[in-house]
file query09.csv (CSV, C-alpha atoms and all ligand atoms)
chain,number,residue,atom,x,y,z
A,122,LEU,CA,-22.7,-21.1,6.5
A,123,THR,CA,-20.6,-18.9,8.7
A,124,LEU,CA,-17.0,-18.3,7.8
A,125,LEU,CA,-14.0,-16.5,9.2
A,126,GLY,CA,-12.1,-14.6,6.5
A,127,ILE,CA,-8.5,-13.4,6.6
A,128,GLU,CA,-6.8,-10.9,4.2
A,129,THR,CA,-3.1,-10.2,4.2
A,130,SER,CA,-2.1,-9.9,0.6
A,131,CYS,CA,-0.9,-6.3,0.6
A,132,ASP,CA,-0.9,-3.5,3.1
A,133,GLU,CA,-4.2,-4.2,5.0
A,134,THR,CA,-4.4,-6.7,7.7
A,135,ALA,CA,-8.0,-7.8,8.0
A,136,ALA,CA,-10.3,-10.4,9.6
A,137,ALA,CA,-14.1,-10.7,9.2
A,138,VAL,CA,-16.9,-13.1,9.9
A,139,VAL,CA,-19.6,-13.4,7.2
A,140,ARG,CA,-22.7,-15.6,7.0
A,141,ARG,CA,-24.2,-16.9,3.8
A,142,HIS,CA,-27.8,-17.7,4.4
A,143,ARG,CA,-29.5,-20.6,2.7
A,144,ASP,CA,-31.3,-18.3,0.2
A,145,GLY,CA,-27.9,-16.9,-0.9
A,146,ARG,CA,-28.2,-13.7,1.1
A,147,GLY,CA,-25.0,-12.4,2.7
A,148,GLU,CA,-24.6,-10.9,6.2
A,149,ILE,CA,-21.5,-9.4,7.7
A,150,LEU,CA,-21.2,-10.3,11.4
A,151,ALA,CA,-17.8,-8.7,11.9
A,152,ASP,CA,-15.4,-6.7,9.7
A,153,ARG,CA,-12.1,-5.5,11.0
A,154,VAL,CA,-9.4,-3.8,8.9
A,155,LEU,CA,-6.1,-2.4,10.0
A,156,SER,CA,-4.4,-0.3,7.4
A,157,GLN,CA,-0.6,-0.1,7.4
A,158,ILE,CA,-0.6,3.2,5.5
A,159,ALA,CA,1.3,5.0,8.2
A,160,GLU,CA,4.1,2.3,8.3
A,161,HIS,CA,4.7,2.6,4.6
A,162,ALA,CA,4.1,6.3,4.0
A,163,PRO,CA,7.7,7.3,4.8
A,164,TYR,CA,8.8,5.1,1.8
A,165,GLY,CA,6.2,6.3,-0.6
A,166,GLY,CA,4.9,2.8,-1.2
A,167,VAL,CA,4.4,-0.6,0.2
A,168,VAL,CA,7.6,-2.2,1.6
A,169,PRO,CA,7.0,-6.0,1.5
A,170,GLU,CA,9.2,-6.8,4.6
A,171,ILE,CA,7.4,-4.2,6.7
A,172,ALA,CA,4.1,-5.4,5.5
A,173,ALA,CA,4.8,-9.1,6.4
A,174,ARG,CA,6.0,-8.1,9.9
A,175,ALA,CA,3.0,-5.9,10.5
A,176,HIS,CA,0.7,-8.8,9.5
A,177,VAL,CA,2.4,-11.1,12.0
A,178,GLU,CA,2.0,-8.5,14.7
A,179,HIS,CA,-1.6,-7.6,14.2
A,180,LEU,CA,-3.4,-10.6,12.7
A,181,ASP,CA,-4.1,-12.6,15.9
A,182,GLY,CA,-5.6,-9.6,17.6
A,183,LEU,CA,-7.8,-8.8,14.6
A,184,ILE,CA,-9.1,-12.3,14.4
A,185,ALA,CA,-9.8,-12.4,18.1
A,186,GLY,CA,-11.6,-9.0,17.7
A,187,ALA,CA,-13.6,-10.2,14.8
A,188,MET,CA,-14.7,-13.3,16.6
A,189,ALA,CA,-15.7,-11.3,19.6
A,190,ASP,CA,-17.6,-8.8,17.4
A,191,ALA,CA,-19.5,-11.7,15.9
A,192,GLY,CA,-20.0,-13.3,19.4
A,193,LEU,CA,-18.8,-16.6,18.1
A,194,THR,CA,-16.2,-19.2,19.0
A,195,PHE,CA,-14.1,-21.0,16.4
A,196,GLY,CA,-16.1,-24.1,17.0
A,197,ALA,CA,-19.2,-22.4,15.7
A,198,LEU,CA,-17.6,-21.7,12.3
A,199,ASP,CA,-18.4,-23.7,9.1
A,200,GLY,CA,-15.1,-22.8,7.5
A,201,VAL,CA,-12.0,-20.7,7.5
A,202,ALA,CA,-11.1,-18.6,4.4
A,203,ALA,CA,-7.8,-16.8,3.7
A,204,THR,CA,-6.4,-15.0,0.7
A,205,ALA,CA,-3.8,-17.4,-0.9
A,206,GLY,CA,-2.9,-15.0,-3.8
A,207,PRO,CA,-2.1,-13.0,-5.8
A,208,GLY,CA,-0.1,-10.6,-3.6
A,209,LEU,CA,3.1,-10.2,-1.6
A,210,ILE,CA,4.2,-13.7,-0.7
A,211,GLY,CA,5.4,-12.9,2.9
A,212,GLY,CA,2.0,-11.5,3.8
A,213,LEU,CA,0.1,-14.3,2.0
A,214,LEU,CA,2.0,-16.9,4.0
A,215,VAL,CA,1.1,-15.2,7.3
A,216,GLY,CA,-2.6,-15.2,6.6
A,217,LEU,CA,-2.8,-18.6,4.9
A,218,THR,CA,-0.7,-20.3,7.6
A,219,THR,CA,-2.9,-18.8,10.3
A,220,ALA,CA,-6.0,-20.0,8.6
A,221,LYS,CA,-4.6,-23.5,8.2
A,222,ALA,CA,-3.8,-23.7,11.9
A,223,ILE,CA,-7.3,-22.7,12.9
A,224,ALA,CA,-8.8,-25.1,10.4
A,225,LEU,CA,-6.6,-27.9,11.6
A,226,VAL,CA,-7.1,-27.4,15.3
A,227,HIS,CA,-10.9,-26.9,15.0
A,228,ASP,CA,-11.4,-29.4,12.2
A,229,LYS,CA,-13.0,-27.0,9.8
A,230,PRO,CA,-12.8,-26.8,6.0
A,231,LEU,CA,-10.1,-24.4,4.6
A,232,LEU,CA,-10.9,-22.1,1.7
A,233,ALA,CA,-7.8,-20.7,-0.1
A,234,VAL,CA,-9.3,-17.7,-1.8
A,235,ASN,CA,-8.1,-15.7,-4.8
A,236,HIS,CA,-8.0,-12.1,-3.8
A,237,LEU,CA,-9.5,-11.0,-7.1
A,238,GLU,CA,-12.3,-13.4,-6.7
A,239,GLY,CA,-13.1,-11.7,-3.4
A,240,HIS,CA,-13.4,-8.3,-5.2
A,241,ALA,CA,-15.3,-10.0,-8.0
A,242,LEU,CA,-18.0,-11.6,-5.8
A,243,THR,CA,-18.5,-8.6,-3.4
A,244,PRO,CA,-21.7,-7.3,-5.1
A,245,ARG,CA,-23.3,-10.7,-4.4
A,246,LEU,CA,-22.6,-10.2,-0.7
A,247,THR,CA,-23.8,-6.6,-0.7
A,248,GLU,CA,-26.8,-6.8,-3.0
A,249,GLY,CA,-27.3,-10.4,-4.1
A,250,LEU,CA,-26.3,-9.5,-7.7
A,251,ALA,CA,-27.1,-12.3,-10.2
A,252,PHE,CA,-24.5,-13.7,-12.8
A,253,PRO,CA,-23.3,-12.7,-15.3
A,254,TYR,CA,-22.0,-9.1,-14.8
A,255,LEU,CA,-19.1,-7.0,-15.9
A,256,LEU,CA,-16.4,-6.0,-13.4
A,257,LEU,CA,-14.0,-3.1,-13.6
A,258,LEU,CA,-11.4,-3.6,-10.8
A,259,VAL,CA,-9.2,-0.5,-10.3
A,260,SER,CA,-6.8,-0.6,-7.3
A,261,GLY,CA,-3.2,-0.1,-6.3
A,262,GLY,CA,-2.2,-3.5,-7.6
A,263,HIS,CA,-4.8,-4.3,-10.3
A,264,THR,CA,-6.5,-2.9,-13.3
A,265,GLN,CA,-8.8,-5.4,-14.9
A,266,LEU,CA,-12.0,-5.8,-16.8
A,267,LEU,CA,-13.6,-9.2,-16.2
A,268,VAL,CA,-16.8,-11.0,-17.1
A,269,VAL,CA,-18.0,-12.7,-13.9
A,270,GLU,CA,-19.9,-15.7,-15.3
A,271,ASP,CA,-20.3,-17.7,-12.1
A,272,VAL,CA,-18.4,-18.7,-8.9
A,273,GLY,CA,-15.1,-19.9,-10.2
A,274,SER,CA,-15.8,-18.8,-13.8
A,275,TYR,CA,-14.2,-15.5,-14.9
A,276,ARG,CA,-13.3,-14.3,-18.3
A,277,ARG,CA,-10.7,-11.5,-18.5
A,278,LEU,CA,-11.4,-9.0,-21.2
A,279,GLY,CA,-8.5,-6.7,-20.4
A,280,THR,CA,-5.7,-5.9,-17.9
A,281,THR,CA,-2.9,-3.4,-17.6
A,282,ILE,CA,0.3,-4.3,-19.5
A,283,ASP,CA,2.4,-2.2,-17.0
A,284,ASP,CA,1.3,0.0,-14.1
A,285,ALA,CA,-2.0,-0.4,-12.2
A,286,LEU,CA,-4.2,2.7,-12.2
A,287,GLY,CA,-3.9,3.3,-8.4
A,288,GLU,CA,-0.2,3.0,-8.8
A,289,ALA,CA,-0.3,5.7,-11.6
A,290,PHE,CA,-2.2,8.0,-9.1
A,291,ASP,CA,0.4,7.2,-6.4
A,292,LYS,CA,3.3,7.9,-8.7
A,293,THR,CA,1.9,11.2,-9.9
A,294,ALA,CA,1.4,12.2,-6.3
A,295,LYS,CA,4.9,11.2,-5.3
A,296,LEU,CA,6.3,13.2,-8.2
A,297,LEU,CA,4.5,16.3,-7.0
A,298,GLY,CA,5.4,15.7,-3.4
A,299,LEU,CA,1.8,15.0,-2.3
A,300,GLY,CA,2.4,12.0,-0.1
A,301,TYR,CA,1.1,8.5,0.0
A,302,PRO,CA,-1.4,7.2,-0.9
A,303,GLY,CA,-1.7,9.6,-3.7
A,304,GLY,CA,-5.2,9.1,-5.1
A,305,PRO,CA,-7.1,11.3,-2.7
A,306,ALA,CA,-4.5,14.1,-3.0
A,307,VAL,CA,-4.5,14.0,-6.8
A,308,GLU,CA,-8.3,14.1,-6.8
A,309,ARG,CA,-8.4,17.1,-4.5
A,310,LEU,CA,-5.9,19.1,-6.6
A,311,ALA,CA,-7.4,18.0,-9.9
A,312,ALA,CA,-10.8,19.6,-8.9
A,313,ALA,CA,-9.1,23.0,-8.8
A,314,GLY,CA,-7.0,22.5,-11.9
A,315,ASP,CA,-7.2,23.0,-15.7
A,316,PRO,CA,-7.6,19.6,-17.4
A,317,HIS,CA,-6.6,21.1,-20.8
A,318,ARG,CA,-3.3,22.7,-19.9
A,319,PHE,CA,-1.2,19.6,-20.5
A,320,ALA,CA,-1.9,17.3,-23.4
A,321,PHE,CA,-1.1,14.0,-21.8
A,322,PRO,CA,-1.3,10.8,-23.9
A,323,ARG,CA,-4.2,8.4,-23.7
A,324,PRO,CA,-2.4,5.1,-24.0
A,325,MET,CA,-4.2,2.1,-25.8
A,326,THR,CA,-7.2,4.2,-26.8
A,327,GLY,CA,-8.5,3.4,-30.2
A,328,ARG,CA,-7.0,-0.1,-30.1
A,329,ASP,CA,-8.8,-3.4,-30.2
A,330,GLY,CA,-9.5,-5.1,-26.9
A,331,ALA,CA,-9.7,-3.7,-23.4
A,332,ASP,CA,-6.1,-3.7,-22.1
A,333,PHE,CA,-4.7,-0.7,-20.3
A,334,SER,CA,-1.3,0.9,-20.1
A,335,PHE,CA,-0.3,3.8,-17.8
A,336,SER,CA,3.5,3.9,-17.9
A,337,GLY,CA,3.5,6.3,-20.9
A,338,LEU,CA,1.2,8.6,-19.0
A,339,LYS,CA,3.4,8.5,-16.0
A,340,THR,CA,6.4,9.5,-18.1
A,341,ALA,CA,4.5,12.4,-19.6
A,342,VAL,CA,3.5,13.6,-16.2
A,343,ARG,CA,7.2,13.5,-15.1
A,344,ARG,CA,8.3,15.4,-18.1
A,345,ALA,CA,5.6,18.1,-17.6
A,346,ALA,CA,6.6,18.4,-13.9
A,347,GLN,CA,10.2,18.8,-14.9
A,348,ALA,CA,9.4,21.3,-17.7
A,349,VAL,CA,7.7,23.7,-15.3
A,350,GLY,CA,10.7,23.5,-12.9
A,351,THR,CA,9.4,23.5,-9.4
A,352,PRO,CA,5.6,23.1,-9.7
A,353,ASP,CA,3.7,25.6,-7.6
A,354,GLU,CA,0.2,25.0,-6.4
A,355,ARG,CA,-1.3,26.1,-9.7
A,356,ASP,CA,1.0,23.9,-11.8
A,357,ALA,CA,0.4,20.9,-9.6
A,358,ALA,CA,-3.4,21.3,-9.8
A,359,ASP,CA,-3.2,21.6,-13.6
A,360,ILE,CA,-1.0,18.5,-13.9
A,361,CYS,CA,-3.4,16.5,-11.6
A,362,ALA,CA,-6.4,17.7,-13.6
A,363,SER,CA,-4.8,16.9,-17.0
A,364,PHE,CA,-3.7,13.5,-15.6
A,365,GLN,CA,-7.1,12.7,-14.3
A,366,ALA,CA,-8.8,13.8,-17.6
A,367,ALA,CA,-6.4,11.4,-19.5
A,368,VAL,CA,-7.2,8.6,-17.1
A,369,GLY,CA,-10.9,9.2,-17.6
A,370,ASP,CA,-10.6,9.0,-21.4
A,371,CYS,CA,-8.6,5.8,-21.2
A,372,LEU,CA,-11.2,4.2,-18.9
A,373,ARG,CA,-14.1,5.3,-21.2
A,374,ASP,CA,-12.4,3.9,-24.3
A,375,ARG,CA,-11.4,0.6,-22.8
A,376,LEU,CA,-14.8,0.2,-21.0
A,377,GLY,CA,-16.6,0.8,-24.2
A,378,HIS,CA,-14.9,-2.1,-25.8
A,379,ALA,CA,-15.5,-4.3,-22.7
A,380,MET,CA,-19.2,-3.4,-22.7
A,381,ALA,CA,-19.5,-4.4,-26.4
A,382,ALA,CA,-17.7,-7.7,-25.7
A,383,PHE,CA,-20.0,-8.3,-22.7
A,384,ARG,CA,-23.1,-7.7,-24.8
A,385,ALA,CA,-21.9,-10.0,-27.6
A,386,ALA,CA,-21.3,-12.8,-25.1
A,387,HIS,CA,-24.6,-12.3,-23.3
A,388,PRO,CA,-27.1,-10.9,-25.8
A,389,ARG,CA,-30.0,-11.9,-23.7
A,390,ALA,CA,-29.0,-10.2,-20.4
A,391,PRO,CA,-31.8,-7.6,-20.3
A,392,SER,CA,-30.1,-5.0,-18.1
A,393,PRO,CA,-26.5,-5.9,-17.8
A,394,THR,CA,-24.6,-4.6,-14.7
A,395,LEU,CA,-21.2,-2.9,-14.5
A,396,VAL,CA,-19.6,-3.4,-11.1
A,397,VAL,CA,-16.7,-1.0,-10.1
A,398,ALA,CA,-14.4,-2.1,-7.3
A,399,GLY,CA,-11.0,-1.1,-6.0
A,400,GLY,CA,-9.6,1.9,-4.2
A,401,VAL,CA,-9.7,4.1,-7.3
A,402,ALA,CA,-13.5,3.7,-7.4
A,403,ALA,CA,-13.4,6.3,-4.5
A,404,ASN,CA,-12.6,9.0,-7.1
A,405,ARG,CA,-15.6,11.2,-7.5
A,406,ALA,CA,-14.7,12.5,-11.0
A,407,LEU,CA,-14.2,9.0,-12.3
A,408,ARG,CA,-17.4,7.8,-10.6
A,409,ALA,CA,-19.4,10.5,-12.3
A,410,MET,CA,-17.9,9.6,-15.6
A,411,LEU,CA,-18.7,5.9,-15.1
A,412,GLU,CA,-22.3,6.7,-14.1
A,413,THR,CA,-22.8,8.6,-17.3
A,414,MET,CA,-21.1,6.0,-19.4
A,415,ALA,CA,-23.2,3.1,-17.8
A,416,ARG,CA,-26.4,5.1,-18.4
A,417,GLU,CA,-25.6,5.8,-22.0
A,418,ASN,CA,-24.8,2.2,-22.7
A,419,GLY,CA,-27.8,0.7,-20.9
A,420,PHE,CA,-25.8,-0.8,-18.1
A,421,ALA,CA,-26.9,-0.7,-14.4
A,422,LEU,CA,-24.0,0.6,-12.3
A,423,SER,CA,-23.1,-1.1,-9.0
A,424,MET,CA,-20.5,0.3,-6.7
A,425,PRO,CA,-20.1,-1.6,-3.4
A,426,PRO,CA,-19.6,0.8,-0.4
A,427,ILE,CA,-16.0,2.0,-0.4
A,428,ARG,CA,-15.1,0.1,2.7
A,429,LEU,CA,-15.9,-3.1,0.7
A,430,CYS,CA,-14.3,-1.8,-2.5
A,431,THR,CA,-10.9,-1.6,-0.9
A,432,ASP,CA,-9.1,-4.5,0.6
A,433,ASN,CA,-11.0,-6.2,3.4
A,434,ALA,CA,-11.6,-9.7,4.8
A,435,ALA,CA,-15.4,-9.8,4.5
A,436,MET,CA,-15.0,-10.3,0.7
A,437,ILE,CA,-12.6,-13.2,1.4
A,438,ALA,CA,-14.9,-14.8,3.9
A,439,TRP,CA,-17.8,-14.4,1.4
A,440,ALA,CA,-15.9,-15.8,-1.6
A,441,GLY,CA,-15.0,-18.8,0.7
A,442,ALA,CA,-18.7,-19.1,1.6
A,443,GLU,CA,-19.8,-19.1,-2.0
A,444,ARG,CA,-17.3,-21.9,-2.8
A,445,LEU,CA,-18.1,-23.9,0.4
A,446,ALA,CA,-21.8,-23.7,-0.5
A,447,ARG,CA,-20.9,-25.5,-3.7
A,448,GLY,CA,-19.2,-28.2,-1.8
A,449,GLU,CA,-15.7,-27.0,-2.5
A,450,ALA,CA,-12.8,-26.8,0.0
A,451,ASP,CA,-9.0,-26.8,-0.2
A,452,ASP,CA,-6.4,-29.2,1.1
A,453,LEU,CA,-4.3,-28.1,4.1
A,454,THR,CA,-1.2,-28.5,1.8
A,455,VAL,CA,-2.4,-25.7,-0.6
A,456,ALA,CA,0.3,-23.2,-1.3
A,457,ALA,CA,0.3,-19.4,-1.4
A,458,ARG,CA,0.8,-17.9,-4.9
A,459,ALA,CA,2.3,-14.5,-5.6
A,460,ARG,CA,0.7,-14.7,-9.1
A,461,TRP,CA,-2.6,-16.2,-9.6
A,462,PRO,CA,-4.7,-15.0,-12.6
A,463,LEU,CA,-8.5,-15.5,-12.2
A,464,ASP,CA,-8.9,-16.4,-15.8
A,465,PRO,CA,-6.5,-19.2,-16.5
A,466,ASP,CA,-7.0,-18.8,-20.3
A,467,ALA,CA,-5.9,-15.2,-20.3
A,468,ALA,CA,-2.4,-14.7,-21.6
A,469,PRO,CA,-0.2,-13.1,-19.0
A,470,ALA,CA,0.3,-9.4,-19.7
A,471,PRO,CA,4.0,-8.4,-20.0
A,472,GLY,CA,5.2,-7.0,-16.8
A,473,ALA,CA,1.8,-7.1,-15.1
A,474,GLY,CA,1.3,-8.4,-11.6
A,475,VAL,CA,-1.2,-11.2,-12.5
B,1,LIG,P1,-4.9,-4.5,-4.2
B,1,LIG,O1,-4.1,-5.6,-3.7
B,1,LIG,O2,-6.4,-4.8,-4.4
B,1,LIG,O3,-4.4,-3.9,-5.5
B,1,LIG,P2,-4.4,-2.0,-2.9
B,1,LIG,O4,-4.3,-1.8,-1.4
B,1,LIG,O5,-3.2,-1.7,-3.7
B,1,LIG,O6,-4.9,-3.4,-3.1
B,1,LIG,P3,-6.9,-0.5,-2.7
B,1,LIG,O7,-6.7,-0.5,-1.2
B,1,LIG,O8,-8.1,-1.1,-3.2
B,1,LIG,O9,-5.6,-1.2,-3.4
B,1,LIG,O10,-6.8,1.0,-3.2
B,1,LIG,C1,-5.7,1.8,-3.0
B,1,LIG,C2,-5.4,2.5,-4.2
B,1,LIG,O11,-6.5,3.4,-4.6
B,1,LIG,C3,-4.2,3.4,-4.1
B,1,LIG,O12,-3.4,3.3,-5.2
B,1,LIG,C4,-4.8,4.8,-4.0
B,1,LIG,O13,-4.0,5.9,-4.5
B,1,LIG,C5,-6.0,4.7,-4.9
B,1,LIG,N1,-7.1,5.7,-4.5
B,1,LIG,C6,-7.6,5.8,-3.3
B,1,LIG,N2,-8.5,6.9,-3.3
B,1,LIG,C7,-8.4,7.4,-4.6
B,1,LIG,C8,-9.0,8.5,-5.2
B,1,LIG,N3,-9.9,9.3,-4.6
B,1,LIG,N4,-8.7,8.7,-6.5
B,1,LIG,C9,-7.9,7.9,-7.2
B,1,LIG,N5,-7.3,6.9,-6.6
B,1,LIG,C10,-7.5,6.6,-5.3
B,2,MG,MG,-4.6,-1.2,0.2
B,3,FE,FE,-7.6,-5.7,-3.5
call {"tool": "encode", "arguments": {"input": "query09.csv", "output": "structure tokens", "more": "lines below"}}
Ligand code: ATP
Ligand code: MG
Ligand code: FE
result
Amino acid sequence: LTLLGIETSCDETAAAVVRRHRDGRGEILADRVLSQIAEHAPYGGVVPEIAARAHVEHLDGLIAGAMADAGLTFGALDGVAATAGPGLIGGLLVGLTTAKAIALVHDKPLLAVNHLEGHALTPRLTEGLAFPYLLLLVSGGHTQLLVVEDVGSYRRLGTTIDDALGEAFDKTAKLLGLGYPGGPAVERLAAAGDPHRFAFPRPMTGRDGADFSFSGLKTAVRRAAQAVGTPDERDAADICASFQAAVGDCLRDRLGHAMAAFRAAHPRAPSPTLVVAGGVAANRALRAMLETMARENGFALSMPPIRLCTDNAAMIAWAGAERLARGEADDLTVAARARWPLDPDAAPAPGAGV
């Protein structure tokens, strides 16, 4: 099966062509991503109206480019997949409507894909990982721990009740005037700082379950920055290092609970796998911590290449292909959804995005 995938849920406009071979193996034929970071940087975050307009401007060209890279015409496709949620509704409408038009004109099945499902199924595209596995998704918009049981079957163990982890990095960076996106800048400064200088809180640690919270940490970072007046290079580095150490402790604690829950649910999985995805997975200090933690707990660790960890359309095409291979497709009347939890049984977290 060969599918075109379209991703427009946030600040990346992306189009890709992916093939799912009969044996379940995945192959990326084309993968184009256009980041809008420069357009949003002056505002210190993603501006929905700017994002939607940029998607409209660039999507057609990206799709044509991806089809050319793959050397295919629309007629050769087996289906068209687009992110239908969760995300910014303006952007979602641009991508989903474009996919519907292509599907209608060329008489192809439409797959309205959940963005989180795209992240969740990526390790099956990159390394053919078998179900079930544990997924830690840490990006600018999401912080979730999920058991990926099967295509279409996800159990949420935990989510953030306020800010996403990437957002916490971005806000810390903004506070210190480090620019947007903040993750890489905070990581760079943290490497030179003292992680013990500021005793930041570790929200939710020690509690049952695997939910996260980062707004208290954000507040503590703001207070610390105010307390030192105008932070110089040294102060900023120490704040970043202390912040990152607190984040690491939170992840370790929450992940410990999730690993135990996974084992209880799947006692016979001989070598369970932890998959880490999302832009924050680029952080080397956190990666090292996760590697140690996986080893100590008998989990294999899988991190898709960063390009496929952050938002892209290959994962959307792939999720569409996995569903199409099971005979699923969506009606052309399907609607975009700003909120769309992967696990319908999970109670919505107060103030959380999904
Ligand atoms: P989503 O809709 O999946 O939430 P997103 O665009 O918000 O998408 P990604 O593109 O997956 O998320 O990741 C971007 C986030 O990752 C930003 O918040 C950024 O600060 C963070 N990030 C990137 N690199 C690092 C790093 N080295 N350390 C920590 N955070 C990082
Ligand atoms: Mg992004
Ligand atoms: Fe994403």
call {"tool": "closest_residue", "arguments": {"input": "query09.csv", "among": "A:Ile360, A:Ala379, A:Leu258, A:Leu242", "to": "A:Leu297", "atoms": "only C-alpha atoms"}}
result
A:Ile360
call {"tool": "atom_distance", "arguments": {"input": "query09.csv", "atom1": "atom CA of A:Val139", "atom2": "atom CA of A:Leu445"}}
result
12.6 Å
call {"tool": "closest_atom_pairs", "arguments": {"input": "query09.csv", "of": "chain A", "to": "ligand LIG 1 (chain B)", "cutoff": "6 Å", "atoms": "all atoms listed in the file", "output": "Markdown table"}}
result
| residue | atom | partner | partner_atom | distance |
| --- | --- | --- | --- | --- |
| A:Cys131 | CA | B:LIG1 | O1 | 5.4 |
| A:Asp132 | CA | B:LIG1 | O4 | 5.9 |
| A:Ser260 | CA | B:LIG1 | O9 | 4.1 |
| A:Gly261 | CA | B:LIG1 | O5 | 3.1 |
| A:Gly262 | CA | B:LIG1 | O3 | 3.1 |
| A:His263 | CA | B:LIG1 | O3 | 4.8 |
| A:Gly287 | CA | B:LIG1 | O12 | 3.2 |
| A:Glu288 | CA | B:LIG1 | O12 | 4.8 |
| A:Phe290 | CA | B:LIG1 | O13 | 5.4 |
| A:Asp291 | CA | B:LIG1 | O13 | 5.0 |
| A:Pro302 | CA | B:LIG1 | O13 | 4.6 |
| A:Gly303 | CA | B:LIG1 | O13 | 4.4 |
| A:Gly304 | CA | B:LIG1 | N5 | 3.4 |
| A:Pro305 | CA | B:LIG1 | N3 | 3.9 |
| A:Glu308 | CA | B:LIG1 | N4 | 5.4 |
| A:Gly399 | CA | B:LIG1 | O8 | 4.0 |
| A:Gly400 | CA | B:LIG1 | O10 | 3.1 |
| A:Val401 | CA | B:LIG1 | N5 | 3.8 |
| A:Ala403 | CA | B:LIG1 | N3 | 4.6 |
| A:Asn404 | CA | B:LIG1 | N3 | 3.7 |
| A:Thr431 | CA | B:LIG1 | O8 | 3.7 |
| A:Asp432 | CA | B:LIG1 | O7 | 5.0 |
call {"tool": "atom_distance", "arguments": {"input": "query09.csv", "atom1": "atom CA of A:Thr293", "atom2": "atom CA of A:Asp329"}}
result
27.2 Å
call {"tool": "residues_around", "arguments": {"input": "query09.csv", "residues": "A:Gly441", "least_positions_apart": "5", "cutoff": "10 Å", "atoms": "all atoms listed in the file", "output": "PDB file with C-alpha atoms, in the coordinates of the input"}}
result
ATOM      1  CA  LEU A 122     -22.700 -21.100   6.500  1.00  0.00           C
ATOM      2  CA  THR A 123     -20.600 -18.900   8.700  1.00  0.00           C
ATOM      3  CA  LEU A 124     -17.000 -18.300   7.800  1.00  0.00           C
ATOM      4  CA  LEU A 125     -14.000 -16.500   9.200  1.00  0.00           C
ATOM      5  CA  GLY A 126     -12.100 -14.600   6.500  1.00  0.00           C
ATOM      6  CA  VAL A 139     -19.600 -13.400   7.200  1.00  0.00           C
ATOM      7  CA  ARG A 141     -24.200 -16.900   3.800  1.00  0.00           C
ATOM      8  CA  GLY A 200     -15.100 -22.800   7.500  1.00  0.00           C
ATOM      9  CA  VAL A 201     -12.000 -20.700   7.500  1.00  0.00           C
ATOM     10  CA  ALA A 202     -11.100 -18.600   4.400  1.00  0.00           C
ATOM     11  CA  ALA A 203      -7.800 -16.800   3.700  1.00  0.00           C
ATOM     12  CA  THR A 204      -6.400 -15.000   0.700  1.00  0.00           C
ATOM     13  CA  PRO A 230     -12.800 -26.800   6.000  1.00  0.00           C
ATOM     14  CA  LEU A 231     -10.100 -24.400   4.600  1.00  0.00           C
ATOM     15  CA  LEU A 232     -10.900 -22.100   1.700  1.00  0.00           C
ATOM     16  CA  ALA A 233      -7.800 -20.700  -0.100  1.00  0.00           C
ATOM     17  CA  VAL A 234      -9.300 -17.700  -1.800  1.00  0.00           C
ATOM     18  CA  ASN A 235      -8.100 -15.700  -4.800  1.00  0.00           C
ATOM     19  CA  GLU A 238     -12.300 -13.400  -6.700  1.00  0.00           C
ATOM     20  CA  GLY A 239     -13.100 -11.700  -3.400  1.00  0.00           C
ATOM     21  CA  ALA A 435     -15.400  -9.800   4.500  1.00  0.00           C
ATOM     22  CA  MET A 436     -15.000 -10.300   0.700  1.00  0.00           C
ATOM     23  CA  ALA A 446     -21.800 -23.700  -0.500  1.00  0.00           C
ATOM     24  CA  ARG A 447     -20.900 -25.500  -3.700  1.00  0.00           C
ATOM     25  CA  GLU A 449     -15.700 -27.000  -2.500  1.00  0.00           C
ATOM     26  CA  ALA A 450     -12.800 -26.800   0.000  1.00  0.00           C
TER      27      ALA A 450
END
call {"tool": "closest_residue", "arguments": {"input": "query09.csv", "among": "A:Met188, A:Ala415, A:Val259, A:Ala289", "to": "ligand FE 3 (chain B)", "atoms": "all atoms listed in the file"}}
result
A:Val259
call {"tool": "residues_around", "arguments": {"input": "query09.csv", "residues": "A:Gly166", "least_positions_apart": "4", "cutoff": "8 Å", "atoms": "all atoms listed in the file", "output": "PyMOL selection string"}}
result
chain A and resi 161-162+301-302
call {"tool": "write_last_selection", "arguments": {"input": "query09.csv", "atoms": "C-alpha atoms", "output": "mmCIF file, in the coordinates of the input"}}
result
data_model
loop_
_atom_site.group_PDB
_atom_site.id
_atom_site.type_symbol
_atom_site.label_atom_id
_atom_site.label_comp_id
_atom_site.auth_asym_id
_atom_site.auth_seq_id
_atom_site.Cartn_x
_atom_site.Cartn_y
_atom_site.Cartn_z
ATOM 1 C CA HIS A 161 4.700 2.600 4.600
ATOM 2 C CA ALA A 162 4.100 6.300 4.000
ATOM 3 C CA TYR A 301 1.100 8.500 0.000
ATOM 4 C CA PRO A 302 -1.400 7.200 -0.900
#
call {"tool": "residues_near_point", "arguments": {"input": "query09.csv", "point": "(-7.0, 23.3, -22.2)", "cutoff": "12 Å", "atoms": "only C-alpha atoms", "output": "list in words"}}
result
Gly314, Asp315, Pro316, His317, Arg318, Phe319, Ala320, Phe321, Asp359, Ile360, Ala362, Ser363 and Ala366 of chain A
call {"tool": "atom_distance", "arguments": {"input": "query09.csv", "atom1": "atom CA of A:Ala205", "atom2": "atom CA of A:Arg460"}}
result
9.7 Å
